[in-house]
>>> print(open('model12.txt').read())   # compact mmCIF, C-alpha atoms
# COMPACT_ATOMS: atom_id res chain seq x y z
CA MET A 1 -176.51 -153.07 229.02
CA PRO A 2 -175.99 -149.49 227.80
CA THR A 3 -173.80 -147.25 229.93
CA HIS A 4 -175.78 -144.78 232.04
CA LYS A 5 -174.46 -141.39 230.90
CA LEU A 6 -174.85 -139.29 234.03
CA TYR A 7 -174.22 -135.96 232.29
CA MET A 8 -177.34 -136.43 230.16
CA ASP A 9 -179.78 -136.44 233.08
CA SER A 10 -180.10 -132.65 233.27
CA ILE A 11 -178.23 -129.42 232.65
CA LYS A 12 -177.13 -129.43 236.30
CA SER A 13 -175.67 -132.92 235.94
CA CYS A 14 -173.19 -131.51 233.38
CA TYR A 15 -171.56 -129.70 236.33
CA LEU A 16 -170.85 -132.88 238.32
CA LYS A 17 -167.14 -133.60 238.64
CA GLU A 18 -166.96 -136.93 240.48
CA PHE A 19 -168.91 -140.18 240.47
CA ASN A 20 -168.76 -143.79 241.64
CA ALA A 21 -169.24 -146.71 239.26
CA GLU A 22 -168.60 -150.41 238.79
CA VAL A 23 -166.20 -151.89 236.24
CA THR A 24 -168.29 -154.06 233.90
CA ASN A 25 -165.80 -155.05 231.19
CA ILE A 26 -162.07 -154.83 230.46
CA THR A 27 -160.40 -155.30 227.09
CA GLY A 28 -156.74 -154.42 227.44
CA ASN A 29 -156.66 -150.72 228.26
CA MET A 30 -160.33 -150.17 227.38
CA ILE A 31 -162.52 -150.02 230.47
CA GLU A 32 -166.33 -150.12 230.55
CA LEU A 33 -168.35 -148.88 233.53
CA ASP A 34 -172.02 -149.27 234.45
CA LYS A 35 -172.29 -145.45 234.53
CA THR A 36 -170.03 -142.54 233.69
CA LEU A 37 -169.64 -138.77 233.72
CA PHE A 38 -166.99 -138.95 230.98
CA TYR A 39 -168.33 -137.62 227.68
CA PRO A 40 -167.36 -139.81 224.68
CA ILE A 41 -166.34 -138.17 221.42
CA GLY A 42 -169.42 -137.57 219.28
CA GLY A 43 -171.75 -134.97 217.85
CA GLY A 44 -168.72 -132.89 216.93
CA GLN A 45 -167.63 -132.57 220.58
CA ASP A 46 -164.28 -133.86 221.86
CA TRP A 47 -164.11 -136.36 224.72
CA ASP A 48 -163.56 -135.74 228.41
CA GLN A 49 -160.33 -136.63 230.17
CA GLY A 50 -159.64 -137.18 233.85
CA ILE A 51 -158.75 -139.95 236.28
CA ILE A 52 -160.12 -143.18 237.70
CA LYS A 53 -159.28 -143.87 241.35
CA HIS A 54 -159.24 -147.18 243.18
CA HIS A 55 -157.22 -148.51 246.15
CA ASN A 56 -155.54 -145.09 246.51
CA LYS A 57 -154.23 -145.35 242.94
CA GLN A 58 -154.96 -142.84 240.19
CA ILE A 59 -155.23 -143.95 236.56
CA ASN A 60 -155.37 -141.38 233.76
CA VAL A 61 -158.31 -141.54 231.36
CA LEU A 62 -156.87 -140.61 227.96
CA GLU A 63 -159.79 -140.99 225.56
CA VAL A 64 -163.48 -141.87 225.73
CA LYS A 65 -165.69 -143.19 222.93
CA GLY A 66 -168.84 -145.19 222.21
CA ARG A 67 -172.56 -144.60 221.95
CA GLU A 68 -174.57 -147.23 223.77
CA LYS A 69 -171.57 -148.63 225.65
CA VAL A 70 -168.94 -146.07 226.62
CA THR A 71 -165.32 -147.23 226.74
CA HIS A 72 -162.54 -145.41 228.61
CA LEU A 73 -158.98 -145.70 227.31
CA VAL A 74 -156.68 -145.70 230.33
CA GLU A 75 -152.96 -146.04 230.97
CA SER A 76 -151.39 -149.42 230.27
CA ASN A 77 -150.24 -150.04 233.85
CA HIS A 78 -153.74 -150.26 235.36
CA ASP A 79 -154.70 -153.22 237.55
CA LEU A 80 -158.47 -152.82 237.39
CA GLU A 81 -160.72 -155.87 237.59
CA ILE A 82 -164.33 -156.50 236.61
CA GLY A 83 -166.67 -155.92 239.52
CA GLN A 84 -164.49 -153.34 241.24
CA THR A 85 -165.98 -150.05 242.41
CA ILE A 86 -164.07 -147.01 241.22
CA GLU A 87 -164.28 -143.27 241.67
CA GLY A 88 -164.12 -141.22 238.48
CA GLN A 89 -163.05 -137.60 238.33
CA ILE A 90 -163.25 -135.55 235.14
CA ASP A 91 -160.86 -132.80 234.08
CA TRP A 92 -163.20 -129.95 234.96
CA LYS A 93 -161.31 -127.22 233.09
CA ARG A 94 -161.58 -129.19 229.83
CA ARG A 95 -165.22 -130.18 230.47
CA TYR A 96 -166.35 -126.64 231.30
CA ALA A 97 -164.61 -125.27 228.21
CA HIS A 98 -166.49 -127.83 226.08
CA MET A 99 -169.77 -126.89 227.78
CA LYS A 100 -169.32 -123.22 226.95
CA MET A 101 -168.06 -123.90 223.43
CA HIS A 102 -170.93 -126.26 222.61
CA THR A 103 -173.54 -123.86 223.95
CA ALA A 104 -171.91 -121.09 221.93
CA GLN A 105 -172.26 -123.27 218.84
CA HIS A 106 -176.00 -123.66 219.41
CA LEU A 107 -176.36 -119.91 219.93
CA ILE A 108 -174.28 -118.94 216.88
CA SER A 109 -176.23 -121.39 214.72
CA ALA A 110 -179.50 -119.83 215.92
CA VAL A 111 -178.25 -116.30 215.20
CA VAL A 112 -177.07 -117.24 211.69
CA TYR A 113 -180.43 -118.87 210.98
CA ASP A 114 -182.30 -115.78 212.22
CA LEU A 115 -180.14 -113.14 210.52
CA PHE A 116 -179.49 -114.76 207.17
CA ASP A 117 -182.75 -116.27 205.91
CA GLY A 118 -182.64 -119.72 207.41
CA VAL A 119 -179.04 -120.72 206.70
CA ARG A 120 -178.42 -124.24 208.00
CA THR A 121 -175.73 -125.65 210.23
CA VAL A 122 -174.29 -128.65 208.35
CA GLY A 123 -171.34 -129.55 210.56
CA ASN A 124 -169.35 -128.59 213.63
CA GLN A 125 -166.32 -129.47 215.72
CA ILE A 126 -166.21 -128.53 219.39
CA ARG A 127 -162.82 -128.32 221.07
CA HIS A 128 -161.78 -126.73 224.37
CA ASN A 129 -159.81 -123.84 222.87
CA ARG A 130 -161.34 -123.27 219.43
CA SER A 131 -164.35 -124.55 217.53
CA ARG A 132 -165.86 -124.37 214.08
CA ILE A 133 -169.28 -124.49 212.42
CA ASP A 134 -170.07 -125.19 208.77
CA PHE A 135 -172.99 -123.22 207.29
CA ASN A 136 -174.88 -123.62 204.02
CA PRO A 137 -175.78 -121.78 201.83
CA ILE A 138 -173.86 -118.63 202.69
CA ASN A 139 -170.90 -116.46 201.76
CA PHE A 140 -169.97 -114.28 204.74
CA ASP A 141 -168.65 -110.80 204.05
CA ASP A 142 -167.16 -108.47 206.68
CA VAL A 143 -170.45 -106.70 207.34
CA MET A 144 -172.25 -110.00 207.90
CA LEU A 145 -169.52 -111.27 210.22
CA THR A 146 -169.62 -108.09 212.28
CA GLU A 147 -173.40 -108.33 212.56
CA LEU A 148 -173.17 -111.99 213.56
CA ILE A 149 -170.57 -111.48 216.30
CA THR A 150 -172.29 -108.36 217.63
CA GLU A 151 -175.71 -110.01 217.83
CA THR A 152 -174.31 -113.19 219.39
CA ASN A 153 -172.48 -111.29 222.13
CA GLU A 154 -175.49 -109.08 222.79
CA ARG A 155 -177.61 -112.17 223.39
CA ILE A 156 -174.92 -113.56 225.69
CA LYS A 157 -174.97 -110.34 227.74
CA ARG A 158 -178.76 -110.52 228.08
CA GLY A 159 -178.52 -114.14 229.16
CA ALA A 160 -180.94 -117.02 228.78
CA GLU A 161 -181.31 -120.24 230.75
CA LEU A 162 -180.89 -123.69 229.22
CA LYS A 163 -182.90 -126.80 229.95
CA VAL A 164 -183.06 -130.38 228.74
CA LYS A 165 -186.27 -132.04 227.60
CA ILE A 166 -187.27 -135.34 226.08
CA MET A 167 -189.51 -134.57 223.10
CA SER A 168 -191.05 -136.46 220.21
CA ARG A 169 -190.26 -135.63 216.60
CA ASP A 170 -193.74 -134.19 216.14
CA GLU A 171 -193.40 -131.94 219.21
CA ILE A 172 -190.07 -130.62 217.96
CA ASN A 173 -191.40 -129.99 214.45
CA GLU A 174 -194.36 -128.03 215.83
CA ILE A 175 -191.94 -125.52 217.40
CA MET A 176 -189.02 -125.40 214.96
CA PRO A 177 -188.81 -125.98 211.20
CA PRO A 178 -187.18 -129.37 210.52
CA GLU A 179 -184.34 -127.77 208.55
CA ARG A 180 -183.35 -125.69 211.58
CA THR A 181 -183.11 -128.69 213.90
CA ASN A 182 -181.62 -130.97 211.21
CA MET A 183 -184.29 -133.56 211.88
CA ASP A 184 -183.51 -135.16 208.52
CA LEU A 185 -180.21 -136.33 210.03
CA VAL A 186 -181.93 -138.17 212.88
CA PRO A 187 -182.63 -141.86 212.05
CA PRO A 188 -186.36 -142.24 211.30
CA ASN A 189 -186.73 -145.03 213.88
CA VAL A 190 -185.77 -142.61 216.68
CA GLU A 191 -189.01 -141.11 217.98
CA ASN A 192 -188.07 -139.45 221.27
CA LEU A 193 -185.04 -137.21 221.49
CA ARG A 194 -183.03 -135.38 224.14
CA VAL A 195 -183.46 -131.72 223.28
CA VAL A 196 -181.46 -128.73 224.53
CA VAL A 197 -183.53 -125.55 224.74
CA ILE A 198 -182.13 -122.03 225.13
CA GLY A 199 -184.50 -119.55 226.74
CA ASP A 200 -187.99 -119.24 225.29
CA ASN A 201 -187.13 -121.34 222.22
CA LEU A 202 -184.33 -118.98 221.25
CA ASP A 203 -182.85 -122.26 220.10
CA LEU A 204 -184.12 -125.81 220.32
CA CYS A 205 -181.94 -128.64 219.08
CA PRO A 206 -181.68 -132.42 219.55
CA CYS A 207 -178.31 -132.89 221.23
CA ALA A 208 -176.49 -135.34 223.51
CA GLY A 209 -173.69 -132.92 224.39
CA THR A 210 -172.78 -131.10 227.59
CA HIS A 211 -173.98 -127.53 228.14
CA ILE A 212 -173.96 -124.64 230.62
CA GLN A 213 -176.97 -123.42 232.61
CA ASN A 214 -177.10 -119.92 231.12
CA ILE A 215 -175.61 -118.47 227.95
CA SER A 216 -174.19 -115.60 230.04
CA GLU A 217 -171.50 -118.06 231.18
CA ILE A 218 -170.08 -118.13 227.63
CA GLY A 219 -168.41 -114.77 228.16
CA GLU A 220 -167.60 -113.42 224.72
CA VAL A 221 -167.31 -115.04 221.29
CA GLU A 222 -164.31 -114.05 219.17
CA PHE A 223 -164.14 -114.65 215.40
CA LEU A 224 -161.04 -116.54 214.24
CA GLY A 225 -161.61 -116.97 210.51
CA LYS A 226 -163.70 -118.29 207.66
CA LYS A 227 -162.99 -120.82 204.94
CA SER A 228 -164.89 -121.95 201.88
CA LYS A 229 -165.78 -125.65 201.91
CA GLY A 230 -167.36 -125.61 198.43
CA LYS A 231 -170.95 -125.82 197.15
CA GLY A 232 -172.09 -122.78 199.13
CA THR A 233 -170.67 -124.01 202.45
CA GLN A 234 -168.51 -121.77 204.62
CA ARG A 235 -166.64 -122.74 207.77
CA PHE A 236 -166.82 -120.23 210.63
CA SER A 237 -164.12 -120.62 213.31
CA TYR A 238 -164.33 -119.05 216.75
CA THR A 239 -162.97 -119.08 220.26
CA LEU A 240 -164.08 -117.67 223.60
CA LYS A 241 -162.29 -114.69 225.08
CA ASP A 242 -161.77 -116.36 228.45
CA PHE A 243 -161.29 -119.99 227.36
CA GLN A 244 -158.08 -120.34 229.43
CA LYS A 245 -159.78 -119.44 232.71
>>> encode(input="model12.txt", output="structure tokens")
Amino acid sequence: MPTHKLYMDSIKSCYLKEFNAEVTNITGNMIELDKTLFYPIGGGQDWDQGIIKHHNKQINVLEVKGREKVTHLVESNHDLEIGQTIEGQIDWKRRYAHMKMHTAQHLISAVVYDLFDGVRTVGNQIRHNRSRIDFNPINFDDVMLTELITETNERIKRGAELKVKIMSRDEINEIMPPERTNMDLVPPNVENLRVVVIGDNLDLCPCAGTHIQNISEIGEVEFLGKKSKGKGTQRFSYTLKDFQK
């Protein structure tokens, strides 16, 4: 059975810090649970860390991966057994940083698309302290970068709520051009998708990541640098002013 990913249920569920679950499989130090709050690496976003508790013992969760079935890499000295009930607790500082960074990525991608004639997001990497987005086709100059950062931070100040919906491909394409939502990257056999929406369709994007409830929580985006990746692609790197808080 697939792992129930609790953080995907709603935007509010991304803020949960603790959960109870049952151990369903053990392969060495790789633990599977019937449900989890731990985000597995994927979609450009790094994994959650934290602890698993049972019988007054705490076991560090070092890495999390998988799509249908999520596996948790834990310390080698665990004594977990299949069928046990555990309590999981995520590293909230790391999780919340990912939530803000990932939401900032959606917002920046929307602003670039709006300001620069439909430039596409073709890649990203979301980390807790710095992140990057690859855009194509574009060649940022200083004026463009200033405009991008200024507009992004102005939108953050105004704020906009986020929500999660399940939508069909046709419903998504009626609202947003397919090239903006990268629908060509979604396997054609997938009909219904989890979609993250910012405000009144300020951005709408199929996404399985974790996000904040309002873009005002991002704080302020700071530009770190740009790098050419060839064939009209530029990498835009950024951080958040308060990422250490």
>>> atom_distance(input="model12.txt", atom1="atom CA of Ser237 of chain A", atom2="atom CA of Leu107 of chain A")
13.9 Å
>>> closest_residue(input="model12.txt", among="A:Lys93, A:His78, A:Arg158, A:Lys100", to="Gly50 of chain A", atoms="only C-alpha atoms")
A:Lys93
>>> closest_atom_pairs(input="model12.txt", of="segment 83-187 of chain A", to="segment 60-71 of chain A", cutoff="12 Å", atoms="only C-alpha atoms", output="JSON lines")
{"residue": "A:Gly88", "atom": "CA", "partner": "A:Val61", "partner_atom": "CA", "distance": 9.2}
{"residue": "A:Gln89", "atom": "CA", "partner": "A:Val61", "partner_atom": "CA", "distance": 9.3}
{"residue": "A:Ile90", "atom": "CA", "partner": "A:Val61", "partner_atom": "CA", "distance": 8.6}
{"residue": "A:Asp91", "atom": "CA", "partner": "A:Val61", "partner_atom": "CA", "distance": 9.5}
>>> closest_residue(input="model12.txt", among="A:Glu161, A:Ile82, A:Asp114, A:Arg120", to="Gly199 of chain A", atoms="all atoms listed in the file")
A:Glu161
>>> residues_around(input="model12.txt", residues="Met176 of chain A", least_positions_apart="6", cutoff="12 Å", atoms="all atoms listed in the file", output="list of chain:residue names")
A:Ala110, A:Tyr113, A:Gly118, A:Arg169, A:Asp170, A:Asn182, A:Met183, A:Val195, A:Val197, A:Asn201, A:Leu202, A:Asp203, A:Leu204, A:Cys205, A:Pro206
>>> closest_residue(input="model12.txt", among="A:His128, A:Glu75, A:Leu185, A:Thr233", to="Gly28 of chain A", atoms="all atoms listed in the file")
A:Glu75
>>> atom_distance(input="model12.txt", atom1="atom CA of Gly123 of chain A", atom2="atom CA of Thr36 of chain A")
26.6 Å
>>> axis_aligned_box(input="model12.txt", around="segment 5-18 of chain A", padding_each_side="4 Å", output="lines of an AutoDock Vina configuration file")
center_x = -173.5
center_y = -135.4
center_z = 235.3
size_x = 21.1
size_y = 20.0
size_z = 18.3
>>> residues_around(input="model12.txt", residues="segment 146-157 of chain A", least_positions_apart="5", cutoff="10 Å", atoms="only C-alpha atoms", output="PyMOL selection string")
chain A and resi 104+107-112+114-116+140-141+202+214-223+238
>>> residues_near_point(input="model12.txt", point="(-167.3, -142.3, 244.8)", cutoff="7 Å", atoms="only C-alpha atoms", output="list in words")
Glu18, Phe19, Asn20, Ile86 and Glu87 of chain A
>>> residues_around(input="model12.txt", residues="segment 23-25 of chain A", least_positions_apart="6", cutoff="10 Å", atoms="all atoms listed in the file", output="number ranges by chain")
A: 1, 3, 31-35, 71, 80-86
>>> atom_distance(input="model12.txt", atom1="atom CA of Ala208 of chain A", atom2="atom CA of Leu73 of chain A")
20.7 Å
>>> residues_near_point(input="model12.txt", point="(-180.7, -131.6, 225.9)", cutoff="9 Å", atoms="all atoms listed in the file", output="MDAnalysis selection string")
chainID A and resid 8:11 162:166 193:197 204:211
>>> closest_residue(input="model12.txt", among="A:Asn77, A:Gln234, A:Gln213, A:Asn192", to="Ile172 of chain A", atoms="all atoms listed in the file")
A:Asn192
>>> closest_residue(input="model12.txt", among="A:Gln105, A:Gln49, A:Ser76, A:Asn29", to="Leu240 of chain A", atoms="all atoms listed in the file")
A:Gln105
>>> closest_residue(input="model12.txt", among="A:His102, A:Ser168, A:Phe38, A:Tyr96", to="Arg132 of chain A", atoms="only C-alpha atoms")
A:His102
